[in-house]
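To start, the structure itself, in structure tokens.
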Amino acid sequence: MKPETVIFDMDDVLCRYDLGRRLRALARITGKTPRDIRAAIWDSGFEDVADTGGYPDPETYLAEFGQRIGYPITRAQWVEARREAMQPWPDMLALAARIGAEARLAIYSNNGPLTKVTLPELFPGLCDVFGEHYHSYEFGTKKPDPASFGKLMARMGTDPARCWFIDDKRSNVIGARMAGLKGHHFRSRDKLLPEVRALGFEA
């Protein structure tokens, strides 16, 4: 059955995400070392807490981010570093746009509130294709928890059996399937295309 809704992950599906580049950009901005920034933000569990709703608004999140790295980083600086880590894949955006001519499209990403509100700045081409984007912090839990997909389905008002989810992490795809969605473990566009066609989409 052809899905009525197709939901894409963002990082490493529609763009390449390079944490090393982000750390180096933050180091240039703050004067801290990439290792210290990684320890303060990613290795500390801060981002996991943010992704699950621990910081409900962008201002609270950014203030805590700055406190942890010991530098009063601005929103514009945070966006600059996050954007530097993202290399868009035009061929994947084009494929998504073709699918979007035949199905409802959405993004579902494990991210906090600042990513959501700055997405048009971080990834302008994405917002040209995807009118809907959802982030795990909105649901108080994140992928691969099947409950996060249940909450996503409720927010979207759609039937999971009519949804197809595409993610680069196998565990996230398993979580989606447990919640009743169809799922594809993304490794490359070439490996995705046969399933796109098998489900009845033009590609």
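We label chains A, B, ... in the order they appear in the structure tokens, count residues from 1 in each chain, and number ligands from 1 in the order shown.
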(request) Show which residues sit within 7 Å of Pro88 in chain A, as a ChimeraX atom specification. Count only C-alpha atoms, and ignore same-chain residues fewer than 3 positions away. (result) /A:14-16
Please save N, CA and C atoms of the selected residues as a CSV table (one decimal), in the first residue's frame.
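Just written: result.csv:
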chain,number,residue,atom,x,y,z
A,14,LEU,N,19.1,13.8,5.0
A,14,LEU,CA,18.9,15.0,4.0
A,14,LEU,C,20.1,15.9,3.9
A,15,CYS,N,21.0,15.7,4.9
A,15,CYS,CA,22.3,16.4,4.9
A,15,CYS,C,23.3,15.6,5.6
A,16,ARG,N,24.6,15.8,5.4
A,16,ARG,CA,25.6,15.2,6.2
A,16,ARG,C,25.8,16.1,7.4
(message) Quick one: residues within 9 Å of range 23-28 of chain A, only C-alpha atoms, excluding same-chain residues fewer than 2 positions away - as JSON, numbers by chain?
(response) {"A": [18, 19, 20, 21, 30, 31, 32, 33, 34, 35, 37, 38, 77, 78, 80, 81, 82, 84, 85]}
The selected residues should be written to file as a compact mmCIF listing (two decimals), in the first residue's frame (atoms: N, CA, C and O atoms).
# COMPACT_ATOMS: atom_id res chain seq x y z
N ASP A 18 28.29 16.76 10.61
CA ASP A 18 29.66 16.52 11.04
C ASP A 18 29.88 17.21 12.39
O ASP A 18 30.10 18.43 12.44
N LEU A 19 29.81 16.44 13.47
CA LEU A 19 29.99 17.01 14.80
C LEU A 19 31.38 17.63 14.95
O LEU A 19 31.54 18.65 15.61
N GLY A 20 32.39 17.02 14.35
CA GLY A 20 33.74 17.57 14.44
C GLY A 20 33.81 18.99 13.91
O GLY A 20 34.45 19.87 14.52
N ARG A 21 33.18 19.24 12.78
CA ARG A 21 33.15 20.59 12.22
C ARG A 21 32.44 21.56 13.16
O ARG A 21 32.86 22.71 13.32
N THR A 30 34.49 30.54 20.72
CA THR A 30 34.58 30.67 22.18
C THR A 30 35.99 30.71 22.74
O THR A 30 36.18 31.14 23.88
N GLY A 31 36.96 30.22 21.97
CA GLY A 31 38.32 30.11 22.50
C GLY A 31 38.53 28.87 23.35
O GLY A 31 39.62 28.67 23.89
N LYS A 32 37.50 28.02 23.46
CA LYS A 32 37.63 26.76 24.20
C LYS A 32 38.14 25.68 23.25
O LYS A 32 38.13 25.84 22.03
N THR A 33 38.57 24.55 23.79
CA THR A 33 39.02 23.46 22.94
C THR A 33 37.83 22.60 22.50
O THR A 33 36.85 22.47 23.24
N PRO A 34 37.91 22.01 21.31
CA PRO A 34 36.85 21.10 20.89
C PRO A 34 36.60 19.99 21.90
O PRO A 34 35.44 19.62 22.15
N ARG A 35 37.67 19.47 22.51
CA ARG A 35 37.50 18.39 23.49
C ARG A 35 36.70 18.85 24.70
O ARG A 35 35.80 18.15 25.16
N ILE A 37 34.57 21.35 24.83
CA ILE A 37 33.18 21.63 24.43
C ILE A 37 32.40 20.33 24.32
O ILE A 37 31.26 20.22 24.79
N ARG A 38 33.01 19.34 23.72
CA ARG A 38 32.33 18.05 23.59
C ARG A 38 32.02 17.46 24.96
O ARG A 38 30.92 16.94 25.20
N GLN A 77 25.67 32.96 16.93
CA GLN A 77 26.88 32.14 16.96
C GLN A 77 26.55 30.67 17.02
O GLN A 77 27.21 29.85 16.37
N TRP A 78 25.54 30.32 17.80
CA TRP A 78 25.11 28.91 17.88
C TRP A 78 24.65 28.44 16.51
O TRP A 78 25.00 27.35 16.06
N GLU A 80 25.51 29.67 13.60
CA GLU A 80 26.67 29.62 12.71
C GLU A 80 27.40 28.28 12.83
O GLU A 80 27.74 27.65 11.82
N ALA A 81 27.62 27.83 14.06
CA ALA A 81 28.35 26.59 14.28
C ALA A 81 27.53 25.38 13.85
O ALA A 81 28.07 24.44 13.25
N ARG A 82 26.23 25.38 14.16
CA ARG A 82 25.36 24.26 13.77
C ARG A 82 25.26 24.17 12.26
O ARG A 82 25.34 23.08 11.67
N GLU A 84 27.43 25.19 10.07
CA GLU A 84 28.71 24.77 9.49
C GLU A 84 28.85 23.24 9.49
O GLU A 84 29.56 22.68 8.66
N ALA A 85 28.17 22.59 10.41
CA ALA A 85 28.26 21.13 10.52
C ALA A 85 27.35 20.41 9.53
O ALA A 85 27.41 19.19 9.42
Spatial neighbours of range 129-142 of chain A, 6 Å, only C-alpha atoms, chain gap at least 2 places, as a PDB file with all heavy atoms, in the first residue's frame:
ATOM      1  N   ASP A  51      17.025  17.043  24.127  1.00  0.00           N
ATOM      2  CA  ASP A  51      16.239  16.328  23.122  1.00  0.00           C
ATOM      3  C   ASP A  51      14.964  15.723  23.702  1.00  0.00           C
ATOM      4  O   ASP A  51      14.028  15.427  22.961  1.00  0.00           O
ATOM      5  CB  ASP A  51      17.072  15.208  22.491  1.00  0.00           C
ATOM      6  CG  ASP A  51      18.181  15.734  21.590  1.00  0.00           C
ATOM      7  OD1 ASP A  51      18.231  16.943  21.334  1.00  0.00           O
ATOM      8  OD2 ASP A  51      19.018  14.910  21.150  1.00  0.00           O
ATOM      9  N   THR A  52      14.938  15.522  25.017  1.00  0.00           N
ATOM     10  CA  THR A  52      13.753  14.929  25.651  1.00  0.00           C
ATOM     11  C   THR A  52      12.938  15.961  26.428  1.00  0.00           C
ATOM     12  O   THR A  52      12.125  15.596  27.286  1.00  0.00           O
ATOM     13  CB  THR A  52      14.148  13.752  26.560  1.00  0.00           C
ATOM     14  OG1 THR A  52      15.150  14.170  27.488  1.00  0.00           O
ATOM     15  CG2 THR A  52      14.689  12.595  25.751  1.00  0.00           C
ATOM     16  N   GLY A  53      13.145  17.228  26.135  1.00  0.00           N
ATOM     17  CA  GLY A  53      12.283  18.262  26.688  1.00  0.00           C
ATOM     18  C   GLY A  53      12.751  18.889  27.974  1.00  0.00           C
ATOM     19  O   GLY A  53      11.984  19.606  28.631  1.00  0.00           O
ATOM     20  N   ALA A  97      11.160  16.060  -2.524  1.00  0.00           N
ATOM     21  CA  ALA A  97      10.184  16.930  -3.184  1.00  0.00           C
ATOM     22  C   ALA A  97       9.308  16.135  -4.135  1.00  0.00           C
ATOM     23  O   ALA A  97       8.087  16.379  -4.218  1.00  0.00           O
ATOM     24  CB  ALA A  97      10.904  18.048  -3.924  1.00  0.00           C
ATOM     25  N   ALA A 106       6.940  15.154   6.240  1.00  0.00           N
ATOM     26  CA  ALA A 106       7.299  15.738   7.527  1.00  0.00           C
ATOM     27  C   ALA A 106       8.730  15.347   7.877  1.00  0.00           C
ATOM     28  O   ALA A 106       9.264  14.354   7.379  1.00  0.00           O
ATOM     29  CB  ALA A 106       6.349  15.283   8.621  1.00  0.00           C
ATOM     30  N   ILE A 107       9.331  16.145   8.741  1.00  0.00           N
ATOM     31  CA  ILE A 107      10.622  15.848   9.357  1.00  0.00           C
ATOM     32  C   ILE A 107      10.358  15.440  10.793  1.00  0.00           C
ATOM     33  O   ILE A 107       9.546  16.059  11.485  1.00  0.00           O
ATOM     34  CB  ILE A 107      11.536  17.091   9.361  1.00  0.00           C
ATOM     35  CG1 ILE A 107      11.950  17.476   7.932  1.00  0.00           C
ATOM     36  CG2 ILE A 107      12.775  16.880  10.233  1.00  0.00           C
ATOM     37  CD1 ILE A 107      12.877  16.494   7.286  1.00  0.00           C
ATOM     38  N   TYR A 108      11.061  14.388  11.259  1.00  0.00           N
ATOM     39  CA  TYR A 108      11.059  14.081  12.692  1.00  0.00           C
ATOM     40  C   TYR A 108      12.505  13.844  13.111  1.00  0.00           C
ATOM     41  O   TYR A 108      13.150  12.892  12.666  1.00  0.00           O
ATOM     42  CB  TYR A 108      10.198  12.872  13.027  1.00  0.00           C
ATOM     43  CG  TYR A 108      10.179  12.572  14.508  1.00  0.00           C
ATOM     44  CD1 TYR A 108      10.147  13.591  15.448  1.00  0.00           C
ATOM     45  CD2 TYR A 108      10.215  11.258  14.980  1.00  0.00           C
ATOM     46  CE1 TYR A 108      10.146  13.330  16.800  1.00  0.00           C
ATOM     47  CE2 TYR A 108      10.195  10.982  16.340  1.00  0.00           C
ATOM     48  CZ  TYR A 108      10.163  12.018  17.241  1.00  0.00           C
ATOM     49  OH  TYR A 108      10.169  11.749  18.597  1.00  0.00           O
ATOM     50  N   SER A 109      13.016  14.729  13.980  1.00  0.00           N
ATOM     51  CA  SER A 109      14.428  14.731  14.346  1.00  0.00           C
ATOM     52  C   SER A 109      14.587  14.763  15.859  1.00  0.00           C
ATOM     53  O   SER A 109      13.790  15.400  16.552  1.00  0.00           O
ATOM     54  CB  SER A 109      15.097  15.965  13.725  1.00  0.00           C
ATOM     55  OG  SER A 109      16.466  16.040  14.035  1.00  0.00           O
ATOM     56  N   ASN A 110      15.595  14.080  16.359  1.00  0.00           N
ATOM     57  CA  ASN A 110      15.951  14.192  17.777  1.00  0.00           C
ATOM     58  C   ASN A 110      16.714  15.493  17.974  1.00  0.00           C
ATOM     59  O   ASN A 110      17.912  15.585  17.698  1.00  0.00           O
ATOM     60  CB  ASN A 110      16.832  13.016  18.211  1.00  0.00           C
ATOM     61  CG  ASN A 110      16.031  11.771  18.520  1.00  0.00           C
ATOM     62  OD1 ASN A 110      14.804  11.811  18.641  1.00  0.00           O
ATOM     63  ND2 ASN A 110      16.715  10.640  18.652  1.00  0.00           N
ATOM     64  N   ASN A 111      16.005  16.520  18.438  1.00  0.00           N
ATOM     65  CA  ASN A 111      16.618  17.827  18.655  1.00  0.00           C
ATOM     66  C   ASN A 111      15.818  18.618  19.673  1.00  0.00           C
ATOM     67  O   ASN A 111      14.673  18.276  19.980  1.00  0.00           O
ATOM     68  CB  ASN A 111      16.714  18.604  17.335  1.00  0.00           C
ATOM     69  CG  ASN A 111      18.011  18.325  16.594  1.00  0.00           C
ATOM     70  OD1 ASN A 111      19.105  18.553  17.116  1.00  0.00           O
ATOM     71  ND2 ASN A 111      17.892  17.808  15.386  1.00  0.00           N
ATOM     72  N   GLY A 112      16.455  19.692  20.153  1.00  0.00           N
ATOM     73  CA  GLY A 112      15.828  20.548  21.139  1.00  0.00           C
ATOM     74  C   GLY A 112      15.165  21.765  20.525  1.00  0.00           C
ATOM     75  O   GLY A 112      15.074  21.896  19.299  1.00  0.00           O
ATOM     76  N   LEU A 126      15.623  22.925   3.177  1.00  0.00           N
ATOM     77  CA  LEU A 126      14.737  21.960   3.803  1.00  0.00           C
ATOM     78  C   LEU A 126      13.327  22.521   3.941  1.00  0.00           C
ATOM     79  O   LEU A 126      12.337  21.841   3.654  1.00  0.00           O
ATOM     80  CB  LEU A 126      15.285  21.584   5.178  1.00  0.00           C
ATOM     81  CG  LEU A 126      14.528  20.489   5.928  1.00  0.00           C
ATOM     82  CD1 LEU A 126      14.895  19.126   5.379  1.00  0.00           C
ATOM     83  CD2 LEU A 126      14.832  20.553   7.409  1.00  0.00           C
ATOM     84  N   CYS A 127      13.244  23.744   4.377  1.00  0.00           N
ATOM     85  CA  CYS A 127      11.940  24.349   4.623  1.00  0.00           C
ATOM     86  C   CYS A 127      11.193  24.647   3.332  1.00  0.00           C
ATOM     87  O   CYS A 127       9.972  24.831   3.348  1.00  0.00           O
ATOM     88  CB  CYS A 127      12.107  25.604   5.473  1.00  0.00           C
ATOM     89  SG  CYS A 127      12.757  25.250   7.124  1.00  0.00           S
ATOM     90  N   ASP A 145      12.419   5.468  21.113  1.00  0.00           N
ATOM     91  CA  ASP A 145      11.286   5.097  21.959  1.00  0.00           C
ATOM     92  C   ASP A 145      10.000   5.040  21.121  1.00  0.00           C
ATOM     93  O   ASP A 145       9.598   6.054  20.544  1.00  0.00           O
ATOM     94  CB  ASP A 145      11.141   6.133  23.077  1.00  0.00           C
ATOM     95  CG  ASP A 145      10.036   5.810  24.056  1.00  0.00           C
ATOM     96  OD1 ASP A 145       9.353   4.787  23.890  1.00  0.00           O
ATOM     97  OD2 ASP A 145       9.849   6.607  24.996  1.00  0.00           O
ATOM     98  N   SER A 148       7.569   7.876  21.447  1.00  0.00           N
ATOM     99  CA  SER A 148       7.797   9.151  20.762  1.00  0.00           C
ATOM    100  C   SER A 148       7.082   9.156  19.419  1.00  0.00           C
ATOM    101  O   SER A 148       6.537  10.187  18.997  1.00  0.00           O
ATOM    102  CB  SER A 148       9.293   9.421  20.586  1.00  0.00           C
ATOM    103  OG  SER A 148       9.866   8.622  19.567  1.00  0.00           O
TER     104      SER A 148
END
(request) Could you tell me which of A:Ile166, A:Ala76, A:Val49, A:Met10 comes closest to Ile29 in chain A if we count only C-alpha atoms? (result) A:Ala76
(request) Considering only C-alpha atoms, return as a PyMOL selection string whatever protein or nucleic-acid residues lie within 8 Å of range 3-5 of chain A, sequence-local ones (same chain, fewer than 4 positions apart) excluded. (result) chain A and resi 102-106+162-164+199
Include all heavy atoms and write out the residues we just selected as a short mmCIF file (atom, residue, chain, number, x, y, z; two decimals), in the first residue's frame.
data_model
loop_
_atom_site.label_atom_id
_atom_site.label_comp_id
_atom_site.auth_asym_id
_atom_site.auth_seq_id
_atom_site.Cartn_x
_atom_site.Cartn_y
_atom_site.Cartn_z
N GLU A 102 3.19 13.48 -4.01
CA GLU A 102 2.24 12.38 -3.94
C GLU A 102 1.86 11.99 -2.51
O GLU A 102 1.00 11.13 -2.31
CB GLU A 102 2.84 11.14 -4.63
CG GLU A 102 3.27 11.37 -6.07
CD GLU A 102 3.92 10.14 -6.66
OE1 GLU A 102 3.23 9.10 -6.78
OE2 GLU A 102 5.13 10.19 -6.97
N ALA A 103 2.51 12.61 -1.52
CA ALA A 103 2.25 12.24 -0.12
C ALA A 103 2.50 13.43 0.79
O ALA A 103 3.18 14.39 0.40
CB ALA A 103 3.16 11.07 0.29
N ARG A 104 1.97 13.36 1.98
CA ARG A 104 2.27 14.35 3.02
C ARG A 104 3.69 14.12 3.50
O ARG A 104 4.09 12.98 3.76
CB ARG A 104 1.27 14.18 4.16
CG ARG A 104 1.45 15.15 5.31
CD ARG A 104 0.43 14.82 6.40
NE ARG A 104 0.56 15.71 7.56
CZ ARG A 104 -0.16 15.57 8.68
NH1 ARG A 104 -1.05 14.58 8.78
NH2 ARG A 104 0.01 16.40 9.69
N LEU A 105 4.45 15.20 3.65
CA LEU A 105 5.85 15.11 4.08
C LEU A 105 6.03 15.73 5.45
O LEU A 105 5.39 16.74 5.78
CB LEU A 105 6.77 15.86 3.12
CG LEU A 105 7.15 15.24 1.79
CD1 LEU A 105 8.18 16.14 1.11
CD2 LEU A 105 7.70 13.84 1.93
N ALA A 106 6.94 15.15 6.24
CA ALA A 106 7.30 15.74 7.53
C ALA A 106 8.73 15.35 7.88
O ALA A 106 9.26 14.35 7.38
CB ALA A 106 6.35 15.28 8.62
N ARG A 162 -0.24 4.00 7.79
CA ARG A 162 -0.18 4.68 6.49
C ARG A 162 1.03 5.60 6.39
O ARG A 162 1.10 6.44 5.50
CB ARG A 162 -1.47 5.48 6.27
CG ARG A 162 -2.71 4.61 6.19
CD ARG A 162 -3.97 5.44 5.99
NE ARG A 162 -5.14 4.60 5.89
CZ ARG A 162 -5.59 4.03 4.77
NH1 ARG A 162 -4.93 4.23 3.64
NH2 ARG A 162 -6.68 3.27 4.77
N CYS A 163 2.00 5.41 7.32
CA CYS A 163 3.20 6.25 7.36
C CYS A 163 4.45 5.43 7.05
O CYS A 163 4.57 4.27 7.46
CB CYS A 163 3.35 6.89 8.73
SG CYS A 163 2.06 8.06 9.15
N TRP A 164 5.37 6.07 6.40
CA TRP A 164 6.67 5.48 6.10
C TRP A 164 7.74 6.39 6.69
O TRP A 164 7.75 7.59 6.43
CB TRP A 164 6.85 5.36 4.59
CG TRP A 164 8.10 4.64 4.16
CD1 TRP A 164 8.72 3.60 4.76
CD2 TRP A 164 8.85 4.91 2.97
NE1 TRP A 164 9.83 3.20 4.05
CE2 TRP A 164 9.92 3.98 2.93
CE3 TRP A 164 8.72 5.85 1.94
CZ2 TRP A 164 10.87 3.97 1.91
CZ3 TRP A 164 9.66 5.83 0.91
CH2 TRP A 164 10.72 4.90 0.89
N LEU A 199 7.05 1.17 -3.42
CA LEU A 199 5.88 1.68 -2.71
C LEU A 199 4.96 2.51 -3.60
O LEU A 199 3.92 2.98 -3.16
CB LEU A 199 6.33 2.52 -1.52
CG LEU A 199 6.91 1.71 -0.34
CD1 LEU A 199 7.52 2.65 0.70
CD2 LEU A 199 5.85 0.83 0.31
#
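Counting only C-alpha atoms, the residue from A:Val117, A:Met1, A:Leu192, A:Ile7 that sits nearest to Gly100 in chain A is A:Ile7.
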DSSP alpha helix (DSSP H) selection over range 3-194 of chain A, as a PDB file with C-alpha atoms, in the first residue's frame:
ATOM      1  CA  LEU A  19      29.993  17.011  14.797  1.00  0.00           C
ATOM      2  CA  GLY A  20      33.742  17.573  14.443  1.00  0.00           C
ATOM      3  CA  ARG A  21      33.154  20.592  12.215  1.00  0.00           C
ATOM      4  CA  ARG A  22      30.642  21.952  14.720  1.00  0.00           C
ATOM      5  CA  LEU A  23      33.072  21.537  17.595  1.00  0.00           C
ATOM      6  CA  ARG A  24      35.834  23.297  15.668  1.00  0.00           C
ATOM      7  CA  ALA A  25      33.469  26.156  14.797  1.00  0.00           C
ATOM      8  CA  LEU A  26      32.444  26.498  18.434  1.00  0.00           C
ATOM      9  CA  ALA A  27      36.116  26.450  19.431  1.00  0.00           C
ATOM     10  CA  ARG A  28      36.868  29.354  17.080  1.00  0.00           C
ATOM     11  CA  ILE A  29      33.940  31.328  18.486  1.00  0.00           C
ATOM     12  CA  THR A  30      34.576  30.668  22.179  1.00  0.00           C
ATOM     13  CA  PRO A  34      36.851  21.102  20.890  1.00  0.00           C
ATOM     14  CA  ARG A  35      37.504  18.388  23.486  1.00  0.00           C
ATOM     15  CA  ASP A  36      36.286  20.564  26.367  1.00  0.00           C
ATOM     16  CA  ILE A  37      33.184  21.629  24.433  1.00  0.00           C
ATOM     17  CA  ARG A  38      32.330  18.050  23.590  1.00  0.00           C
ATOM     18  CA  ALA A  39      32.762  17.010  27.214  1.00  0.00           C
ATOM     19  CA  ALA A  40      30.563  19.872  28.468  1.00  0.00           C
ATOM     20  CA  ILE A  41      27.747  19.420  25.955  1.00  0.00           C
ATOM     21  CA  PHE A  46      23.093  17.791  28.156  1.00  0.00           C
ATOM     22  CA  GLU A  47      21.947  17.256  24.586  1.00  0.00           C
ATOM     23  CA  ASP A  48      20.062  14.092  25.563  1.00  0.00           C
ATOM     24  CA  VAL A  49      18.205  16.079  28.217  1.00  0.00           C
ATOM     25  CA  ALA A  50      17.467  18.834  25.687  1.00  0.00           C
ATOM     26  CA  ASP A  51      16.239  16.328  23.122  1.00  0.00           C
ATOM     27  CA  PRO A  58      15.168  28.231  23.083  1.00  0.00           C
ATOM     28  CA  GLU A  59      16.286  30.874  25.586  1.00  0.00           C
ATOM     29  CA  THR A  60      16.616  28.418  28.484  1.00  0.00           C
ATOM     30  CA  TYR A  61      18.452  25.943  26.279  1.00  0.00           C
ATOM     31  CA  LEU A  62      20.909  28.550  24.956  1.00  0.00           C
ATOM     32  CA  ALA A  63      21.620  29.967  28.409  1.00  0.00           C
ATOM     33  CA  GLU A  64      22.447  26.503  29.742  1.00  0.00           C
ATOM     34  CA  PHE A  65      24.570  25.729  26.664  1.00  0.00           C
ATOM     35  CA  GLY A  66      26.614  28.885  27.305  1.00  0.00           C
ATOM     36  CA  GLN A  67      26.940  28.206  31.017  1.00  0.00           C
ATOM     37  CA  ARG A  68      28.220  24.711  30.410  1.00  0.00           C
ATOM     38  CA  ILE A  69      30.916  25.780  27.965  1.00  0.00           C
ATOM     39  CA  ARG A  75      21.895  32.650  19.138  1.00  0.00           C
ATOM     40  CA  ALA A  76      23.612  33.813  15.925  1.00  0.00           C
ATOM     41  CA  GLN A  77      26.885  32.144  16.965  1.00  0.00           C
ATOM     42  CA  TRP A  78      25.106  28.914  17.884  1.00  0.00           C
ATOM     43  CA  VAL A  79      23.375  28.919  14.491  1.00  0.00           C
ATOM     44  CA  GLU A  80      26.673  29.621  12.707  1.00  0.00           C
ATOM     45  CA  ALA A  81      28.353  26.586  14.275  1.00  0.00           C
ATOM     46  CA  ARG A  82      25.365  24.261  13.774  1.00  0.00           C
ATOM     47  CA  ARG A  83      25.005  25.313  10.144  1.00  0.00           C
ATOM     48  CA  GLU A  84      28.705  24.765   9.489  1.00  0.00           C
ATOM     49  CA  PRO A  90      20.478  18.320  -3.003  1.00  0.00           C
ATOM     50  CA  ASP A  91      19.704  14.951  -4.576  1.00  0.00           C
ATOM     51  CA  MET A  92      17.914  13.824  -1.413  1.00  0.00           C
ATOM     52  CA  LEU A  93      15.974  17.073  -1.183  1.00  0.00           C
ATOM     53  CA  ALA A  94      14.947  16.640  -4.806  1.00  0.00           C
ATOM     54  CA  LEU A  95      13.806  13.082  -4.129  1.00  0.00           C
ATOM     55  CA  ALA A  96      11.828  14.222  -1.091  1.00  0.00           C
ATOM     56  CA  ALA A  97      10.184  16.930  -3.184  1.00  0.00           C
ATOM     57  CA  ARG A  98       9.089  14.341  -5.748  1.00  0.00           C
ATOM     58  CA  ILE A  99       7.648  12.152  -2.989  1.00  0.00           C
ATOM     59  CA  GLY A 100       5.934  15.234  -1.573  1.00  0.00           C
ATOM     60  CA  PRO A 113      13.901  23.815  20.892  1.00  0.00           C
ATOM     61  CA  LEU A 114      16.613  26.005  19.379  1.00  0.00           C
ATOM     62  CA  THR A 115      17.033  23.732  16.364  1.00  0.00           C
ATOM     63  CA  LYS A 116      13.292  23.875  15.737  1.00  0.00           C
ATOM     64  CA  VAL A 117      12.984  27.659  15.763  1.00  0.00           C
ATOM     65  CA  THR A 118      16.170  28.284  13.758  1.00  0.00           C
ATOM     66  CA  LEU A 119      15.647  25.567  11.143  1.00  0.00           C
ATOM     67  CA  PRO A 120      14.958  28.070   8.331  1.00  0.00           C
ATOM     68  CA  GLU A 121      18.385  29.596   9.057  1.00  0.00           C
ATOM     69  CA  LEU A 122      20.159  26.272   9.520  1.00  0.00           C
ATOM     70  CA  PRO A 124      16.859  26.890   4.152  1.00  0.00           C
ATOM     71  CA  GLY A 125      16.383  24.330   1.382  1.00  0.00           C
ATOM     72  CA  LEU A 126      14.737  21.960   3.803  1.00  0.00           C
ATOM     73  CA  CYS A 127      11.940  24.349   4.623  1.00  0.00           C
ATOM     74  CA  ASP A 128      11.251  24.834   0.918  1.00  0.00           C
ATOM     75  CA  VAL A 129      10.381  21.131   0.697  1.00  0.00           C
ATOM     76  CA  PRO A 146       8.087   3.823  20.290  1.00  0.00           C
ATOM     77  CA  ALA A 147       6.155   6.217  22.547  1.00  0.00           C
ATOM     78  CA  SER A 148       7.797   9.151  20.762  1.00  0.00           C
ATOM     79  CA  PHE A 149       6.367   7.919  17.482  1.00  0.00           C
ATOM     80  CA  GLY A 150       2.967   7.428  19.096  1.00  0.00           C
ATOM     81  CA  LYS A 151       3.010  11.039  20.254  1.00  0.00           C
ATOM     82  CA  LEU A 152       4.146  12.159  16.809  1.00  0.00           C
ATOM     83  CA  MET A 153       1.262  10.303  15.181  1.00  0.00           C
ATOM     84  CA  ALA A 154      -1.204  11.882  17.607  1.00  0.00           C
ATOM     85  CA  ARG A 155       0.199  15.362  16.912  1.00  0.00           C
ATOM     86  CA  MET A 156      -0.018  14.816  13.168  1.00  0.00           C
ATOM     87  CA  ARG A 170      18.593   1.236  12.598  1.00  0.00           C
ATOM     88  CA  SER A 171      17.411   1.499  16.205  1.00  0.00           C
ATOM     89  CA  ASN A 172      15.163   4.431  15.284  1.00  0.00           C
ATOM     90  CA  VAL A 173      13.639   2.472  12.423  1.00  0.00           C
ATOM     91  CA  ILE A 174      12.981  -0.437  14.776  1.00  0.00           C
ATOM     92  CA  GLY A 175      11.253   1.940  17.207  1.00  0.00           C
ATOM     93  CA  ALA A 176       9.080   3.282  14.389  1.00  0.00           C
ATOM     94  CA  ARG A 177       8.102  -0.220  13.315  1.00  0.00           C
ATOM     95  CA  MET A 178       7.207  -1.103  16.895  1.00  0.00           C
ATOM     96  CA  ARG A 189      19.988   7.381  -1.907  1.00  0.00           C
ATOM     97  CA  ASP A 190      20.766   4.519  -4.282  1.00  0.00           C
ATOM     98  CA  LYS A 191      19.636   1.977  -1.694  1.00  0.00           C
ATOM     99  CA  LEU A 192      16.514   3.990  -0.896  1.00  0.00           C
ATOM    100  CA  LEU A 193      15.309   4.374  -4.483  1.00  0.00           C
ATOM    101  CA  PRO A 194      14.177   0.760  -5.054  1.00  0.00           C
TER     102      PRO A 194
END
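Nearest-residue note for His185 in chain A: choosing from A:Trp89, A:Tyr71, A:Phe123, A:Phe165, the minimum distance belongs to A:Phe165, counting only C-alpha atoms.
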(message) Could you check the closest approach to Arg187 in chain A for each of A:Gly45, A:Asp167, A:Glu202, A:Lys2 and tell me which residue wins, using only C-alpha atoms?
(response) A:Asp167
(request) Please identify which residues in range 75-120 of chain A DSSP calls strand (DSSP E) from the backbone, and express them as number ranges by chain. (result) A: 86-88, 104-109
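For the pair CA of Ser44 in chain A and CA of Ala179 in chain A, the interatomic distance is 29.4 Å.
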